[in-house]
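Everything on this sheet refers to the single structure shown next.
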Amino acid sequence: MEHCRKLTLEGSALPFDLDITLRCGQVFRFEKIGRWWCGVLENEVIRIRQEGRDLHFAGTTEDQIIRYFDLDLDLEGILRGFPDDPLLASAVRHAYGLRIVRQPAWECAASYIVATFANIPGIRTRIRLLCERFGEEIRAGEFAFPKPGTLASSPLCDIRSCRVGYRDRFLCGTAGMVSNEPGWDERIAALEYRDARRELMRFPGVGRKVADCILLFAFHRFEAVPVDVWIDRIMRTHYLEEGGRYSYDQIADEARAIFGPYAGYAQEYLFAARNQIKK
DNA sequence: CTCCAGGCAGCCA
DNA sequence: TGGCTGCATGGA
């Protein structure tokens with residue numbers, strides 16, 4: 001591996017916690033080996049570790065690190081702007097320094113399509129298998145994320161062999177649509193949140209929740225609030241009227257009303273602290 | 001073994 | 001529009 005660089009975090013880059021950021025379940029391909037996190041960024045194998053304010057990394061540029069981890073974002077200001085709420089405050093304390101990573105749009109979409117109705121360890125296994133089978137080998141034993149064209153032209157049975165189950169045709173179908181429209185992500189990025197979500201939901205396997213995940217994790221639309229079973233539970237138990245009937249959009253709207261324009265970030269901190277939040 | 005998971009599409013009223 | 005149901009799979 002090429003030589004290691006160092007980036008000292010300061011200003012907007014604080015707070016930042018690499019472990020929490022890569023462990024919280026927003027990304028599925030990073031793996032911690034010893035003290036190093038190893039993963040693939042833009043077809044480059046990278047490794048990175050944090051020691052206090054120092055970020056040591058290899059395999060990519062400082063600009064890419066800053067962009068991927070969104071270190072120019074004033075996270076402290078966002079956290080300070082949250083409403084005075086004890087549950088959210090405890091979640092922020094628990095996951096302090098978590099940053100929403102800027103995922104490539106296609107990788108994010110494909111990942112969350114195969115993430116539906118599954119648990120995180122299983123998702124990681126599936127995505128690893130997809131990369132090993134369909135991704136370009138960029139180094140011995142290291143694979144890029146599969147290109148949409150590759151998946152679109154692969155037999156469903158081959159895709160299913162990566163244990164994606166019934167999601168095989170969703171993944172293949174979305175891969176086909178994406179590969180037929182270069183620049184689809186820029187088109188989405190130019191739209192208002194509601195329009196962007198509606199457009200994303202035209203992809204097979206992309207419903208409200210997956211669309212919100214793509215908008216939050218790839219496009220950094222921080223008003224997007226993915227409501228999975230955990231967030232649904234937390235919102236109903238702690239923020240909504242007991243026994244009330246709430247649709248997905250009503251819960252997300254409530255979250256935006258309570259947490260403000262960075263509700264997506266609040267959601268992510270609550271998700272990261274889900275096992276510490278009592279039912 | 002049972003339960004459950006970063007839900008979705010396809011129905012039906 | 002809103003509620004119900006089947007769905008493949010593996011990790012805990």
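In the structure tokens, each chain is lettered A, B, ... as it comes, each chain's residues begin at 1, and ligands are numbered from 1 in order of appearance.
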Tell me as a PyMOL selection string which residues belonging to chain C come within 10 Å of chain A, counting only C-alpha atoms (C1' of nucleotides). chain C and resi 2+7-11
Output N, CA and C atoms (P, O5', C5', C4', C3', O3' and C1' of nucleotides) for every residue in that selection, as an mmCIF file, in the first residue's frame.
```cif
data_model
loop_
_atom_site.group_PDB
_atom_site.id
_atom_site.type_symbol
_atom_site.label_atom_id
_atom_site.label_comp_id
_atom_site.auth_asym_id
_atom_site.auth_seq_id
_atom_site.Cartn_x
_atom_site.Cartn_y
_atom_site.Cartn_z
ATOM 1 P P DG C 2 -53.925 7.989 2.876
ATOM 2 O "O5'" DG C 2 -54.467 6.524 3.182
ATOM 3 C "C5'" DG C 2 -55.838 6.341 3.526
ATOM 4 C "C4'" DG C 2 -56.076 4.892 3.887
ATOM 5 C "C3'" DG C 2 -54.969 4.255 4.731
ATOM 6 O "O3'" DG C 2 -55.551 3.481 5.771
ATOM 7 C "C1'" DG C 2 -55.328 2.963 2.794
ATOM 8 P P DC C 7 -45.254 -16.704 -0.724
ATOM 9 O "O5'" DC C 7 -43.957 -15.788 -0.797
ATOM 10 C "C5'" DC C 7 -43.824 -14.824 -1.836
ATOM 11 C "C4'" DC C 7 -42.649 -13.925 -1.532
ATOM 12 C "C3'" DC C 7 -41.407 -14.671 -1.009
ATOM 13 O "O3'" DC C 7 -40.296 -14.309 -1.797
ATOM 14 C "C1'" DC C 7 -41.872 -12.769 0.304
ATOM 15 P P DA C 8 -40.009 -15.092 -3.065
ATOM 16 O "O5'" DA C 8 -38.490 -15.433 -2.894
ATOM 17 C "C5'" DA C 8 -38.063 -16.335 -1.888
ATOM 18 C "C4'" DA C 8 -36.683 -15.928 -1.490
ATOM 19 C "C3'" DA C 8 -35.838 -17.029 -0.863
ATOM 20 O "O3'" DA C 8 -34.504 -16.796 -1.257
ATOM 21 C "C1'" DA C 8 -36.182 -15.328 0.724
ATOM 22 P P DT C 9 -33.414 -17.834 -0.952
ATOM 23 O "O5'" DT C 9 -32.755 -17.277 0.377
ATOM 24 C "C5'" DT C 9 -32.203 -15.963 0.378
ATOM 25 C "C4'" DT C 9 -31.791 -15.580 1.767
ATOM 26 C "C3'" DT C 9 -31.227 -16.727 2.602
ATOM 27 O "O3'" DT C 9 -29.811 -16.677 2.548
ATOM 28 C "C1'" DT C 9 -32.595 -15.213 3.853
ATOM 29 P P DG C 10 -28.956 -17.767 3.282
ATOM 30 O "O5'" DG C 10 -28.435 -17.009 4.575
ATOM 31 C "C5'" DG C 10 -28.006 -15.658 4.471
ATOM 32 C "C4'" DG C 10 -27.983 -15.039 5.851
ATOM 33 C "C3'" DG C 10 -27.266 -15.881 6.906
ATOM 34 O "O3'" DG C 10 -26.674 -15.009 7.840
ATOM 35 C "C1'" DG C 10 -29.449 -15.517 7.585
ATOM 36 P P DG C 11 -25.236 -15.179 8.317
ATOM 37 O "O5'" DG C 11 -25.229 -14.270 9.614
ATOM 38 C "C5'" DG C 11 -25.753 -12.944 9.537
ATOM 39 C "C4'" DG C 11 -26.419 -12.569 10.833
ATOM 40 C "C3'" DG C 11 -25.722 -13.100 12.084
ATOM 41 O "O3'" DG C 11 -25.646 -12.053 13.030
ATOM 42 C "C1'" DG C 11 -27.996 -13.779 12.079
#
```
Excluding region 236-246 of chain A and any residue of its chain fewer than 2 positions from it, enumerate the residues within 10 Å of it, using only C-alpha atoms (C1' of nucleotides), and give them as number ranges by chain. A: 87, 230-234, 248-252, 254-255, 258, 277-279
Please build the interface table for chain B against chain A with a cut-off of 7 Å, listing for each qualifying residue the nearest atom pair and the distance in Å to one decimal; count only C-alpha atoms (C1' of nucleotides), order rows by chain and increasing number, and write it as a Markdown table.
```
| residue | atom | partner | partner_atom | distance |
| --- | --- | --- | --- | --- |
| B:DA5 | C1' | A:Asn119 | CA | 4.1 |
| B:DG6 | C1' | A:Asp228 | CA | 5.5 |
| B:DG7 | C1' | A:Thr116 | CA | 5.1 |
| B:DC8 | C1' | A:Gly205 | CA | 5.9 |
```
Length of the CA of Asp84 (chain A) to CA of Leu98 (chain A) vector [Å]: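 The value is 19.1 Å.
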Excluding DC11 (chain B) and residues on its chain fewer than 3 positions from it, collect all residues at most 12 Å away from it, counting only C-alpha atoms (C1' of nucleotides), and give them as a list in words.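 Non-adjacent residues within range: DG3, DC4, DT5 and DG6 of chain C.
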Straight-line distance linking CA of Ile33 (chain A) with CA of Arg124 (chain A), stated in Å to one decimal: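 Answer for the CA of Ile33 (chain A) to CA of Arg124 (chain A) separation: 15.6 Å.
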Please return as an NGL selection string: the residues of region 32-261 of chain A that backbone DSSP assigns to alpha helix (DSSP H). :A and (62-68 or 75-80 or 86-94 or 105-113 or 120-134 or 148-152 or 156-160 or 168-179 or 184-189 or 193-200 or 208-217 or 229-238 or 248-259)
Please provide as a PyMOL selection string all residues within 7 Å of region 8-22 of chain A, with the sequence filter that same-chain residues fewer than 2 positions apart are discarded (counting only C-alpha atoms (C1' of nucleotides)). chain A and resi 6+24+27+30+50+53-55+71-76+95+97-99
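Running DSSP on the backbone gives strand (DSSP E) for these residues within region 88-151 of chain A: Glu137, Ile138, Arg139, Glu142 and Phe143 of chain A.
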What is the distance between CA of Arg67 (chain A) and CA of Ile100 (chain A), in Å to one decimal?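 Calculated distance between CA of Arg67 (chain A) and CA of Ile100 (chain A) is 11.0 Å.
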What's the 10 Å shell around Arg35 (chain A), counting only C-alpha atoms (C1' of nucleotides), without same-chain residues fewer than 5 positions away, as an MDAnalysis selection string? chainID A and resid 47:51
If you keep C-alpha atoms, can you produce a file of those selected residues as a compact mmCIF listing (two decimals), in the first residue's frame?
```txt
# COMPACT_ATOMS: atom_id res chain seq x y z
CA ARG A 47 -7.56 2.30 4.68
CA ILE A 48 -8.09 4.81 7.40
CA ARG A 49 -7.77 5.11 11.14
CA GLN A 50 -8.34 7.80 13.70
CA GLU A 51 -6.21 8.79 16.66
```
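Counting only C-alpha atoms and comparing A:Leu200, A:Ala272, A:Leu215, A:Leu156, the residue that lies closest to Arg23 (chain A) is A:Ala272.
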